[in-house]
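*Asks:* Here you go, input-v3.cif (mmCIF, C-alpha atoms):
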```cif
data_target
loop_
_atom_site.group_PDB
_atom_site.id
_atom_site.type_symbol
_atom_site.label_atom_id
_atom_site.label_comp_id
_atom_site.auth_asym_id
_atom_site.auth_seq_id
_atom_site.Cartn_x
_atom_site.Cartn_y
_atom_site.Cartn_z
ATOM 1 C CA MET F 8 62.841 -52.415 16.797
ATOM 2 C CA VAL F 9 66.265 -54.007 17.113
ATOM 3 C CA ASP F 10 68.458 -50.911 16.771
ATOM 4 C CA THR F 11 70.859 -49.938 19.508
ATOM 5 C CA THR F 12 72.386 -46.514 19.844
ATOM 6 C CA ALA F 13 76.136 -46.237 20.145
ATOM 7 C CA GLU F 14 77.297 -44.397 23.236
ATOM 8 C CA GLY F 15 79.168 -41.152 22.872
ATOM 9 C CA GLY F 16 79.404 -38.530 20.164
ATOM 10 C CA THR F 17 81.294 -38.251 16.894
ATOM 11 C CA GLY F 18 84.695 -36.826 16.191
ATOM 12 C CA PRO F 19 87.714 -36.998 13.909
ATOM 13 C CA GLY F 20 89.113 -40.434 13.343
ATOM 14 C CA GLY F 21 86.984 -42.276 15.897
ATOM 15 C CA THR F 22 85.436 -45.687 15.557
ATOM 16 C CA ALA F 23 82.434 -47.103 17.352
ATOM 17 C CA PRO F 24 81.770 -50.557 18.684
ATOM 18 C CA SER F 25 80.602 -52.857 15.933
ATOM 19 C CA GLY F 26 77.738 -54.334 17.948
ATOM 20 C CA ASN F 27 76.691 -57.957 17.787
ATOM 21 C CA GLY F 28 75.038 -59.820 14.968
ATOM 22 C CA ASP F 29 71.517 -59.058 16.151
ATOM 23 C CA GLU F 30 71.680 -55.323 15.724
ATOM 24 C CA ILE F 31 72.390 -52.484 13.334
ATOM 25 C CA ARG F 32 74.341 -49.801 15.165
ATOM 26 C CA THR F 33 72.628 -46.428 15.365
ATOM 27 C CA PHE F 34 74.861 -43.401 15.863
ATOM 28 C CA PRO F 35 73.383 -40.325 17.567
ATOM 29 C CA PHE F 36 73.978 -36.676 16.830
ATOM 30 C CA PRO F 37 76.851 -35.484 19.080
ATOM 31 C CA VAL F 38 75.255 -33.589 21.962
ATOM 32 C CA ASP F 39 78.277 -31.335 22.386
ATOM 33 C CA LEU F 40 77.412 -29.715 19.039
ATOM 34 C CA SER F 41 73.829 -28.892 19.991
ATOM 35 C CA VAL F 42 72.333 -25.395 19.991
ATOM 36 C CA LEU F 43 69.720 -24.890 22.702
ATOM 37 C CA GLY F 44 69.468 -28.663 23.014
ATOM 38 C CA VAL F 45 68.978 -29.397 19.312
ATOM 39 C CA GLY F 46 71.819 -29.722 16.902
ATOM 40 C CA MET F 47 73.160 -28.938 13.483
ATOM 41 C CA ARG F 48 76.649 -28.742 12.078
ATOM 42 C CA VAL F 49 78.304 -27.631 8.827
ATOM 43 C CA GLY F 50 81.841 -28.734 8.055
ATOM 44 C CA THR F 51 84.351 -29.923 5.496
ATOM 45 C CA MET F 52 84.885 -33.491 4.301
ATOM 46 C CA GLY F 53 88.437 -34.377 3.416
ATOM 47 C CA PRO F 54 91.627 -36.071 4.621
ATOM 48 C CA GLY F 55 91.848 -35.997 8.411
ATOM 49 C CA ARG F 56 88.337 -34.602 8.723
ATOM 50 C CA SER F 57 85.491 -36.359 10.472
ATOM 51 C CA ARG F 58 82.770 -38.173 8.612
ATOM 52 C CA PRO F 59 79.134 -37.452 9.515
ATOM 53 C CA SER F 60 79.281 -40.363 11.981
ATOM 54 C CA GLU F 61 81.991 -42.496 13.556
ATOM 55 C CA ALA F 62 80.965 -45.694 11.803
ATOM 56 C CA PRO F 63 84.025 -47.399 10.304
ATOM 57 C CA PRO F 64 84.189 -47.379 6.493
ATOM 58 C CA GLY F 65 82.643 -50.469 4.972
ATOM 59 C CA ARG F 66 80.353 -51.148 7.962
ATOM 60 C CA VAL F 67 76.603 -50.686 7.623
ATOM 61 C CA HIS F 68 74.908 -48.544 10.248
ATOM 62 C CA ARG F 69 72.116 -46.079 10.862
ATOM 63 C CA ILE F 70 72.133 -42.505 12.118
ATOM 64 C CA ASP F 71 69.392 -40.702 14.017
ATOM 65 C CA PHE F 72 69.945 -37.387 12.215
ATOM 66 C CA HIS F 73 69.959 -35.979 8.662
ATOM 67 C CA VAL F 74 73.156 -35.847 6.587
ATOM 68 C CA VAL F 75 73.537 -33.844 3.372
ATOM 69 C CA MET F 76 76.879 -34.236 1.576
ATOM 70 C CA LEU F 77 77.855 -31.926 -1.288
ATOM 71 C CA PHE F 78 80.743 -33.504 -3.191
ATOM 72 C CA ASP F 79 83.601 -31.443 -4.627
ATOM 73 C CA GLU F 80 85.229 -34.526 -6.163
ATOM 74 C CA GLY F 81 84.122 -37.926 -7.354
ATOM 75 C CA PRO F 82 83.192 -40.553 -8.101
ATOM 76 C CA VAL F 83 82.328 -41.800 -4.619
ATOM 77 C CA ARG F 84 80.205 -44.917 -4.141
ATOM 78 C CA HIS F 85 77.856 -44.922 -1.154
ATOM 79 C CA MET F 86 75.207 -47.501 -0.237
ATOM 80 C CA VAL F 87 71.811 -46.324 1.041
ATOM 81 C CA ASP F 88 69.062 -48.883 1.729
ATOM 82 C CA PHE F 89 70.369 -51.639 -0.577
ATOM 83 C CA THR F 90 71.251 -49.417 -3.506
ATOM 84 C CA GLU F 91 74.780 -48.244 -4.276
ATOM 85 C CA TYR F 92 74.898 -44.704 -5.620
ATOM 86 C CA GLU F 93 77.809 -43.149 -7.444
ATOM 87 C CA ALA F 94 78.181 -39.469 -6.573
ATOM 88 C CA LEU F 95 80.183 -37.196 -8.844
ATOM 89 C CA ALA F 96 81.557 -33.712 -8.273
ATOM 90 C CA GLY F 97 78.608 -31.349 -7.817
ATOM 91 C CA ASP F 98 76.221 -34.104 -6.648
ATOM 92 C CA LEU F 99 74.493 -34.164 -3.268
ATOM 93 C CA LEU F 100 73.603 -37.168 -1.134
ATOM 94 C CA TRP F 101 70.770 -36.720 1.412
ATOM 95 C CA ILE F 102 70.587 -39.505 4.025
ATOM 96 C CA ARG F 103 67.604 -39.409 6.370
ATOM 97 C CA PRO F 104 67.282 -40.724 9.944
ATOM 98 C CA GLY F 105 66.956 -44.496 10.151
ATOM 99 C CA GLN F 106 68.206 -45.308 6.673
ATOM 100 C CA VAL F 107 70.803 -48.078 6.578
ATOM 101 C CA HIS F 108 73.924 -46.867 4.794
ATOM 102 C CA ARG F 109 77.646 -47.480 4.456
ATOM 103 C CA PHE F 110 80.699 -45.322 3.792
ATOM 104 C CA ALA F 111 82.831 -46.863 1.064
ATOM 105 C CA ALA F 112 86.120 -48.236 2.387
ATOM 106 C CA GLY F 113 89.054 -46.398 0.866
ATOM 107 C CA ALA F 114 86.896 -43.722 -0.766
ATOM 108 C CA ASP F 115 87.974 -40.077 -0.604
ATOM 109 C CA TYR F 116 84.996 -38.019 0.570
ATOM 110 C CA ARG F 117 85.710 -34.373 -0.290
ATOM 111 C CA GLY F 118 83.269 -31.494 -0.044
ATOM 112 C CA THR F 119 80.901 -29.988 2.499
ATOM 113 C CA VAL F 120 78.681 -31.894 4.914
ATOM 114 C CA LEU F 121 75.598 -30.702 6.787
ATOM 115 C CA THR F 122 74.323 -32.736 9.727
ATOM 116 C CA MET F 123 71.036 -31.871 11.409
ATOM 117 C CA GLN F 124 69.210 -33.373 14.351
ATOM 118 C CA PRO F 125 65.434 -33.904 14.038
ATOM 119 C CA GLY F 126 63.517 -31.251 15.927
ATOM 120 C CA PHE F 127 65.624 -28.265 14.910
ATOM 121 C CA LEU F 128 62.907 -26.955 12.603
ATOM 122 C CA PRO F 129 59.191 -26.346 13.300
ATOM 123 C CA ARG F 130 56.592 -28.789 11.978
ATOM 124 C CA ALA F 131 55.403 -26.548 9.137
ATOM 125 C CA THR F 132 58.958 -26.205 7.851
ATOM 126 C CA VAL F 133 59.536 -29.950 8.158
ATOM 127 C CA GLU F 134 56.535 -30.585 5.911
ATOM 128 C CA ALA F 135 57.473 -27.857 3.414
ATOM 129 C CA THR F 136 61.034 -29.133 3.081
ATOM 130 C CA GLY F 137 60.168 -32.835 2.900
ATOM 131 C CA LEU F 138 62.551 -33.882 5.659
ATOM 132 C CA TYR F 139 60.862 -37.271 5.976
ATOM 133 C CA ARG F 140 60.098 -37.958 2.312
ATOM 134 C CA TYR F 141 61.732 -41.387 2.268
ATOM 135 C CA ASP F 142 60.233 -41.974 -1.161
ATOM 136 C CA LEU F 143 62.504 -39.325 -2.698
ATOM 137 C CA PRO F 144 65.891 -40.285 -4.170
ATOM 138 C CA PRO F 145 68.856 -39.759 -1.829
ATOM 139 C CA LEU F 146 71.181 -38.789 -4.677
ATOM 140 C CA LEU F 147 70.552 -35.351 -6.177
ATOM 141 C CA ARG F 148 72.199 -33.995 -9.313
ATOM 142 C CA PRO F 149 71.608 -30.239 -9.704
ATOM 143 C CA ASP F 150 72.222 -28.387 -12.935
ATOM 144 C CA GLY F 151 74.663 -25.489 -13.067
ATOM 145 C CA ALA F 152 72.280 -22.802 -11.849
ATOM 146 C CA GLN F 153 70.822 -25.021 -9.106
ATOM 147 C CA LEU F 154 74.283 -26.007 -7.907
ATOM 148 C CA ALA F 155 75.428 -22.373 -7.726
ATOM 149 C CA ALA F 156 72.363 -21.451 -5.670
ATOM 150 C CA LEU F 157 72.830 -24.439 -3.350
ATOM 151 C CA ARG F 158 76.511 -23.666 -2.830
ATOM 152 C CA ALA F 159 75.639 -20.059 -1.979
ATOM 153 C CA ALA F 160 72.921 -21.114 0.458
ATOM 154 C CA LEU F 161 75.223 -23.678 2.099
ATOM 155 C CA ALA F 162 78.065 -21.150 2.353
ATOM 156 C CA GLN F 163 75.712 -18.639 4.015
ATOM 157 C CA LEU F 164 74.516 -21.292 6.452
ATOM 158 C CA ARG F 165 78.113 -22.182 7.273
ATOM 159 C CA ARG F 166 79.000 -18.539 7.942
ATOM 160 C CA GLU F 167 76.046 -18.212 10.300
ATOM 161 C CA TYR F 168 76.917 -21.495 12.013
ATOM 162 C CA GLU F 169 80.508 -20.422 12.639
ATOM 163 C CA ASP F 170 79.574 -16.900 13.796
ATOM 164 C CA SER F 171 78.600 -17.557 17.406
ATOM 165 C CA THR F 172 79.742 -14.227 18.876
ATOM 166 C CA THR F 173 77.907 -11.371 17.149
ATOM 167 C CA LEU F 174 74.382 -12.367 18.245
ATOM 168 C CA PRO F 175 72.833 -13.627 21.476
ATOM 169 C CA LEU F 176 72.343 -17.387 21.463
ATOM 170 C CA SER F 177 68.576 -17.206 20.918
ATOM 171 C CA LEU F 178 68.979 -14.924 17.882
ATOM 172 C CA HIS F 179 71.884 -16.993 16.575
ATOM 173 C CA THR F 180 69.654 -20.077 16.695
ATOM 174 C CA ALA F 181 66.792 -18.256 14.948
ATOM 175 C CA VAL F 182 69.113 -17.095 12.161
ATOM 176 C CA LEU F 183 70.430 -20.641 11.765
ATOM 177 C CA ARG F 184 66.878 -21.974 11.433
ATOM 178 C CA HIS F 185 66.025 -19.424 8.730
ATOM 179 C CA SER F 186 69.250 -20.059 6.813
ATOM 180 C CA LEU F 187 68.766 -23.806 7.077
ATOM 181 C CA THR F 188 65.167 -23.523 5.887
ATOM 182 C CA ALA F 189 66.273 -21.580 2.797
ATOM 183 C CA LEU F 190 68.783 -24.313 1.903
ATOM 184 C CA LEU F 191 66.351 -27.166 2.549
ATOM 185 C CA LEU F 192 63.620 -25.574 0.439
ATOM 186 C CA ARG F 193 66.026 -25.551 -2.504
ATOM 187 C CA LEU F 194 67.010 -29.160 -1.784
ATOM 188 C CA ALA F 195 63.364 -30.216 -1.506
ATOM 189 C CA HIS F 196 62.537 -28.653 -4.874
ATOM 190 C CA LEU F 197 65.498 -30.453 -6.451
ATOM 191 C CA ALA F 198 64.541 -33.768 -4.817
ATOM 192 C CA VAL F 199 60.914 -33.602 -5.957
ATOM 193 C CA SER F 200 61.897 -32.647 -9.492
ATOM 194 C CA SER F 201 64.405 -35.540 -9.542
ATOM 195 C CA ALA F 202 61.833 -38.117 -8.463
ATOM 196 C CA ALA F 203 60.186 -40.272 -11.109
ATOM 197 C CA THR F 204 56.699 -39.464 -9.819
ATOM 198 C CA PRO F 205 56.534 -36.115 -8.000
ATOM 199 C CA ARG F 206 53.625 -35.842 -5.647
ATOM 200 C CA GLN F 207 51.664 -33.019 -4.092
ATOM 201 C CA GLY F 208 51.610 -32.263 -0.386
ATOM 202 C CA ASP F 209 48.523 -33.464 1.429
ATOM 203 C CA THR F 210 47.833 -33.283 5.147
ATOM 204 C CA THR F 211 45.805 -36.503 5.155
ATOM 205 C CA PHE F 212 48.624 -38.361 3.487
ATOM 206 C CA THR F 213 51.370 -36.916 5.710
ATOM 207 C CA LEU F 214 49.438 -37.934 8.817
ATOM 208 C CA PHE F 215 49.033 -41.433 7.373
ATOM 209 C CA ARG F 216 52.705 -41.604 6.392
ATOM 210 C CA ASP F 217 53.803 -40.609 9.888
ATOM 211 C CA ALA F 218 51.401 -43.089 11.484
ATOM 212 C CA VAL F 219 52.762 -45.901 9.300
ATOM 213 C CA GLU F 220 56.333 -44.991 10.201
ATOM 214 C CA ARG F 221 55.449 -45.247 13.877
ATOM 215 C CA GLY F 222 53.300 -48.357 13.645
ATOM 216 C CA PHE F 223 54.295 -50.527 10.664
ATOM 217 C CA ALA F 224 56.023 -53.076 12.898
ATOM 218 C CA THR F 225 52.729 -54.015 14.552
ATOM 219 C CA ASN F 226 49.916 -52.606 12.398
ATOM 220 C CA HIS F 227 49.385 -53.567 8.736
ATOM 221 C CA SER F 228 45.664 -52.705 8.602
ATOM 222 C CA VAL F 229 44.421 -49.852 6.435
ATOM 223 C CA SER F 230 41.146 -49.728 8.374
ATOM 224 C CA ALA F 231 43.021 -49.467 11.672
ATOM 225 C CA TYR F 232 45.033 -46.499 10.404
ATOM 226 C CA ALA F 233 41.879 -44.853 9.067
ATOM 227 C CA ASP F 234 40.178 -45.257 12.451
ATOM 228 C CA GLN F 235 43.256 -44.011 14.279
ATOM 229 C CA LEU F 236 43.409 -40.863 12.146
ATOM 230 C CA GLY F 237 39.658 -40.256 12.081
ATOM 231 C CA TYR F 238 39.205 -40.707 8.334
ATOM 232 C CA SER F 239 37.002 -43.003 6.358
ATOM 233 C CA ARG F 240 38.805 -45.745 4.466
ATOM 234 C CA ARG F 241 37.676 -44.167 1.182
ATOM 235 C CA THR F 242 39.160 -40.785 2.157
ATOM 236 C CA LEU F 243 42.452 -42.421 3.049
ATOM 237 C CA VAL F 244 42.556 -44.346 -0.216
ATOM 238 C CA ARG F 245 41.964 -41.161 -2.229
ATOM 239 C CA ALA F 246 44.625 -39.194 -0.322
ATOM 240 C CA VAL F 247 47.328 -41.846 -0.548
ATOM 241 C CA ARG F 248 46.626 -42.598 -4.202
ATOM 242 C CA ALA F 249 46.740 -38.885 -5.094
ATOM 243 C CA ALA F 250 49.990 -38.408 -3.207
ATOM 244 C CA THR F 251 51.886 -41.551 -4.233
ATOM 245 C CA GLY F 252 49.960 -43.414 -6.919
ATOM 246 C CA GLN F 253 49.749 -46.374 -4.518
ATOM 247 C CA THR F 254 47.016 -47.804 -2.378
ATOM 248 C CA PRO F 255 47.365 -47.427 1.410
ATOM 249 C CA LYS F 256 47.961 -51.177 1.665
ATOM 250 C CA GLY F 257 50.701 -50.974 -0.938
ATOM 251 C CA PHE F 258 52.336 -48.126 0.958
ATOM 252 C CA ILE F 259 52.279 -50.121 4.209
ATOM 253 C CA ASP F 260 53.627 -53.234 2.491
ATOM 254 C CA ARG F 261 56.570 -51.361 0.968
ATOM 255 C CA ARG F 262 57.587 -50.040 4.390
ATOM 256 C CA VAL F 263 57.280 -53.467 6.033
ATOM 257 C CA VAL F 264 59.303 -55.147 3.290
ATOM 258 C CA LEU F 265 62.011 -52.469 3.404
ATOM 259 C CA GLU F 266 62.518 -53.025 7.123
ATOM 260 C CA ALA F 267 62.572 -56.789 6.645
ATOM 261 C CA LYS F 268 65.214 -56.390 3.933
ATOM 262 C CA ARG F 269 67.315 -54.204 6.207
ATOM 263 C CA LEU F 270 67.254 -56.803 8.971
ATOM 264 C CA LEU F 271 67.844 -59.749 6.649
ATOM 265 C CA ALA F 272 70.797 -58.093 4.968
ATOM 266 C CA HIS F 273 72.525 -56.498 7.922
ATOM 267 C CA THR F 274 71.854 -58.655 10.993
ATOM 268 C CA ASP F 275 72.165 -62.317 11.910
ATOM 269 C CA MET F 276 68.700 -62.475 13.459
ATOM 270 C CA PRO F 277 66.811 -65.698 12.717
ATOM 271 C CA ILE F 278 64.156 -65.255 10.059
ATOM 272 C CA GLY F 279 61.397 -65.964 12.559
ATOM 273 C CA ARG F 280 62.601 -63.134 14.796
ATOM 274 C CA ILE F 281 62.760 -60.772 11.838
ATOM 275 C CA GLY F 282 59.182 -61.691 10.980
ATOM 276 C CA ALA F 283 58.160 -60.934 14.550
ATOM 277 C CA ALA F 284 60.000 -57.592 14.398
ATOM 278 C CA VAL F 285 57.834 -56.501 11.465
ATOM 279 C CA GLY F 286 54.538 -57.823 12.788
ATOM 280 C CA PHE F 287 54.316 -61.541 11.957
ATOM 281 C CA ALA F 288 53.904 -63.960 14.839
ATOM 282 C CA ASP F 289 54.306 -66.950 12.517
ATOM 283 C CA ALA F 290 57.533 -67.382 10.539
ATOM 284 C CA ALA F 291 55.749 -69.227 7.718
ATOM 285 C CA ASN F 292 53.308 -66.352 7.237
ATOM 286 C CA PHE F 293 56.208 -63.891 7.134
ATOM 287 C CA SER F 294 58.050 -65.960 4.532
ATOM 288 C CA LYS F 295 54.924 -66.198 2.380
ATOM 289 C CA TYR F 296 54.326 -62.424 2.668
ATOM 290 C CA PHE F 297 57.953 -61.592 1.846
ATOM 291 C CA GLN F 298 57.988 -63.867 -1.191
ATOM 292 C CA GLN F 299 54.685 -62.420 -2.404
ATOM 293 C CA HIS F 300 56.170 -58.930 -2.420
ATOM 294 C CA THR F 301 59.720 -59.656 -3.585
ATOM 295 C CA ASP F 302 59.511 -62.872 -5.648
ATOM 296 C CA THR F 303 62.137 -64.447 -3.393
ATOM 297 C CA THR F 304 62.199 -66.051 0.022
ATOM 298 C CA PRO F 305 63.771 -64.340 3.050
ATOM 299 C CA ALA F 306 66.495 -66.998 3.162
ATOM 300 C CA ALA F 307 67.301 -66.586 -0.541
ATOM 301 C CA PHE F 308 67.357 -62.778 -0.232
ATOM 302 C CA ARG F 309 69.778 -62.988 2.709
ATOM 303 C CA ALA F 310 71.997 -65.478 0.885
ATOM 304 C CA GLU F 311 72.167 -63.258 -2.203
ATOM 305 C CA LEU F 312 73.106 -60.220 -0.128
ATOM 306 C CA ARG F 313 75.824 -62.123 1.719
ATOM 307 C CA TRP F 314 77.166 -63.481 -1.563
ATOM 308 C CA THR F 315 77.364 -60.009 -3.114
ATOM 309 C CA GLY F 316 78.828 -58.374 -0.009
ATOM 310 C CA GLY F 317 75.739 -56.534 1.216
ATOM 311 C CA SER F 318 74.761 -54.567 -1.878
ATOM 312 C CA VAL F 319 72.408 -55.737 -4.565
ATOM 313 C CA ASP F 320 72.497 -52.772 -6.927
ATOM 314 C CA HIS F 321 75.455 -51.226 -8.717
ATOM 315 C CA PRO F 322 76.117 -47.581 -9.595
ATOM 316 C CA SER F 323 75.144 -46.291 -13.000
ATOM 317 C CA GLN F 324 75.537 -42.629 -13.935
ATOM 318 C CA GLY F 325 74.998 -41.599 -10.339
ATOM 319 C CA ARG F 326 71.661 -43.423 -10.059
ATOM 320 C CA PRO F 327 70.612 -46.859 -8.790
ATOM 321 C CA ALA F 328 71.116 -49.411 -11.507
ATOM 322 C CA GLY F 329 68.086 -51.580 -11.010
ATOM 323 C CA PRO F 330 65.023 -52.437 -8.977
ATOM 324 C CA ILE F 331 66.343 -55.456 -7.079
ATOM 325 C CA GLY F 332 67.383 -53.472 -4.012
ATOM 326 C CA GLY F 333 64.276 -51.291 -3.766
ATOM 327 C CA PRO F 334 61.541 -51.529 -1.190
ATOM 328 C CA GLY F 335 59.942 -54.464 -3.004
#
```
Let me see the structure of the file written as structure tokens.
*Replies:*
Amino acid sequence: MVDTTAEGGTGPGGTAPSGNGDEIRTFPFPVDLSVLGVGMRVGTMGPGRSRPSEAPPGRVHRIDFHVVMLFDEGPVRHMVDFTEYEALAGDLLWIRPGQVHRFAAGADYRGTVLTMQPGFLPRATVEATGLYRYDLPPLLRPDGAQLAALRAALAQLRREYEDSTTLPLSLHTAVLRHSLTALLLRLAHLAVSSAATPRQGDTTFTLFRDAVERGFATNHSVSAYADQLGYSRRTLVRAVRAATGQTPKGFIDRRVVLEAKRLLAHTDMPIGRIGAAVGFADAANFSKYFQQHTDTTPAAFRAELRWTGGSVDHPSQGRPAGPIGGPG
């Protein structure tokens, strides 16, 4: 991968080095906010308050932790993976580790923000709450009853986070995990119900999904993943189709194309190097693959993104306006 991690933590009003043209800056969770080595934080967004990372407004970047923003005011436009979303008062935006996103320059972010480092919750809870469901929409729009329940759960989590004196550290951490789980289960239900094609949980699929996330840059073979996981190809096809409606190959291709789009849009890497970064030794083969899956060449995609300022979709009623900026 070509990411680099910015040194240092986050804080009010700070800015991080912009990096060079061959990288997308990745901002880490601030270690000084960790609990027993793993971190979470609940705070207020508003004038003079810190954003979830130090990235300057208007600059694309990644984070290596989860961010959930509950907006008290809007509209606020925020780009996540090539789609600009318009969040209104009462909306939530859930940004997952590794997603390329950008704070809108001049926008007034007001509300409550939760940041959480991967590893704070046990594996079973991670699966139940869909922490790594990158297929789910980042923008969530709860109804009145859902919003009231989410606000209550977030307020309870914030009280527990700020109360660091009445319990020993180990119990304080356990209470935080339980409170966080309760909030995330509500968010997960809202996210699944908001998705166009909700899917059921499936251990075979989740193992495949995780393996693809680790290996997509070098491995595009369905048979290789099946062998790695100890499943027959037919079993893998059934599991992935039941969970997503796609074939395993289609799932792999979408992830490869998404990463290629990220690098084309937000770095100055030569197209041949981008192809190599996602598993293509030959630049011509990469260009042919990219065009097959997006109906445009890598060079044309990059030129369009530069012409439009780095965003290819426009906000519409708090949802992405079109398919151009999707995974392909």
*Asks:* Rounded to one decimal place, report the atom CA of Phe297 of chain F-atom CA of Pro145 of chain F distance in Å.
*Replies:* 24.7 Å
*Asks:* Please expand the PyMOL selection byres ((chain F and resi 164) around 8) into the concrete residues it hits in this file, giving the result as a PyMOL selection string.
*Replies:* chain F and resi 49+160-163+165-168+183+186-187+190
*Asks:* Put those residues in a file: C-alpha atoms, as a JSON list (two decimals), in the frame of the given file.
*Replies:*
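result20.json, freshly written:
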```json
[["chain", "number", "residue", "atom", "x", "y", "z"],
["F", 49, "VAL", "CA", 78.30, -27.63, 8.83],
["F", 160, "ALA", "CA", 72.92, -21.11, 0.46],
["F", 161, "LEU", "CA", 75.22, -23.68, 2.10],
["F", 162, "ALA", "CA", 78.06, -21.15, 2.35],
["F", 163, "GLN", "CA", 75.71, -18.64, 4.01],
["F", 165, "ARG", "CA", 78.11, -22.18, 7.27],
["F", 166, "ARG", "CA", 79.00, -18.54, 7.94],
["F", 167, "GLU", "CA", 76.05, -18.21, 10.30],
["F", 168, "TYR", "CA", 76.92, -21.50, 12.01],
["F", 183, "LEU", "CA", 70.43, -20.64, 11.76],
["F", 186, "SER", "CA", 69.25, -20.06, 6.81],
["F", 187, "LEU", "CA", 68.77, -23.81, 7.08],
["F", 190, "LEU", "CA", 68.78, -24.31, 1.90]]
```
*Asks:* Quick one, how far is atom CA of Ser41 of chain F from atom CA of Leu121 of chain F?
*Replies:*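 For atom CA of Ser41 of chain F relative to atom CA of Leu121 of chain F, the distance reads 13.4 Å.
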*Asks:* Could you tell me which residues the PyMOL selection byres ((chain F and resi 232) around 10) returns for this structure, as a list in words?
*Replies:*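 On this input, the PyMOL selection byres ((chain F and resi 232) around 10) captures Leu214, Phe215, Arg216, Ala218, Val219, Gly222, Asn226, His227, Ser228, Val229, Ser230, Ala231, Ala233, Asp234, Gln235, Leu236, Gly237, Tyr238, Ser239, Arg240, Leu243 and Pro255 of chain F.
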*Asks:* Could you list, as a PyMOL selection string, every residue within 7 Å of His85 of chain F, counting all atoms listed in the file and ignoring same-chain residues fewer than 6 positions away?
*Replies:* chain F and resi 91-93+109-111
*Asks:* Give me a file of those residues, with C-alpha atoms, as a tab-separated table (two decimals), in the frame of the given file.
*Replies:*
```
chain	number	residue	atom	x	y	z
F	91	GLU	CA	74.78	-48.24	-4.28
F	92	TYR	CA	74.90	-44.70	-5.62
F	93	GLU	CA	77.81	-43.15	-7.44
F	109	ARG	CA	77.65	-47.48	4.46
F	110	PHE	CA	80.70	-45.32	3.79
F	111	ALA	CA	82.83	-46.86	1.06
```
*Asks:* Taking a cut-off of 12 Å and counting all atoms listed in the file, can you build a table that, for each residue of segment 98-132 of chain F near segment 264-272 of chain F, reports the nearest atom pair and how far apart they are in Å (one decimal), sorted by chain then residue number, as JSON lines?
*Replies:*
```
{"residue": "F:Gly105", "atom": "CA", "partner": "F:Glu266", "partner_atom": "CA", "distance": 10.1}
{"residue": "F:Gln106", "atom": "CA", "partner": "F:Arg269", "partner_atom": "CA", "distance": 9.0}
{"residue": "F:Val107", "atom": "CA", "partner": "F:Arg269", "partner_atom": "CA", "distance": 7.1}
{"residue": "F:His108", "atom": "CA", "partner": "F:Arg269", "partner_atom": "CA", "distance": 10.0}
```
*Asks:* In Å to one decimal, how far is atom CA of Asp79 of chain F from atom CA of Leu95 of chain F?
*Replies:*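 Computing the Euclidean distance for atom CA of Leu95 of chain F and atom CA of Asp79 of chain F yields 7.9 Å.
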*Asks:* Could you check which of F:Gly46, F:Leu128, F:Arg32, F:Asp98 is closest to Arg69 of chain F, using only C-alpha atoms?
*Replies:*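 Of F:Gly46, F:Leu128, F:Arg32, F:Asp98, the one nearest Arg69 of chain F is F:Arg32, counting only C-alpha atoms.
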*Asks:* List the residues matched by the PyMOL selection byres ((chain F and resi 112) around 9) in the displayed structure as a ChimeraX atom specification, ordered by chain and then by residue number.
*Replies:* /F:63-66,109-111,113-115
*Asks:* Would you please work out which residue, of F:Arg241, F:His273, F:Arg140, F:Arg248, is nearest to His73 of chain F when using all atoms listed in the file?
*Replies:*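 Distance minimum relative to His73 of chain F lands on F:Arg140.
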*Asks:* Restricting the calculation to all atoms listed in the file, which member of F:Glu169, F:Ile281, F:Ala152, F:Ala310 is positioned closest to Val182 of chain F?
*Replies:*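 Checking each candidate against Val182 of chain F, we get F:Glu169 as the closest.
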*Asks:* Show me the residues close to (83.5, -33.9, -4.3) - anything with an atom within 9 Å, counting all atoms listed in the file - and format the list as JSON, numbers by chain.
*Replies:* {"F": [52, 76, 77, 78, 79, 80, 81, 82, 83, 94, 95, 96, 97, 98, 115, 116, 117, 118, 119]}
*Asks:* So, counting only C-alpha atoms, which residue among F:Arg184, F:Leu191, F:Ser171, F:Leu157 is closest to Leu138 of chain F?
*Replies:*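 Ranked by minimum distance to Leu138 of chain F, first place goes to F:Leu191.
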*Asks:* Can you report as AutoDock Vina command-line options the centre and edge lengths in Å, to one decimal, of an axis-aligned box around the listed atoms of segment 213-221 of chain F padded with 5 Å on each side?
*Replies:*
```
--center_x 52.7 --center_y -41.4 --center_z 9.8 --size_x 17.3 --size_y 19.0 --size_z 18.2
```
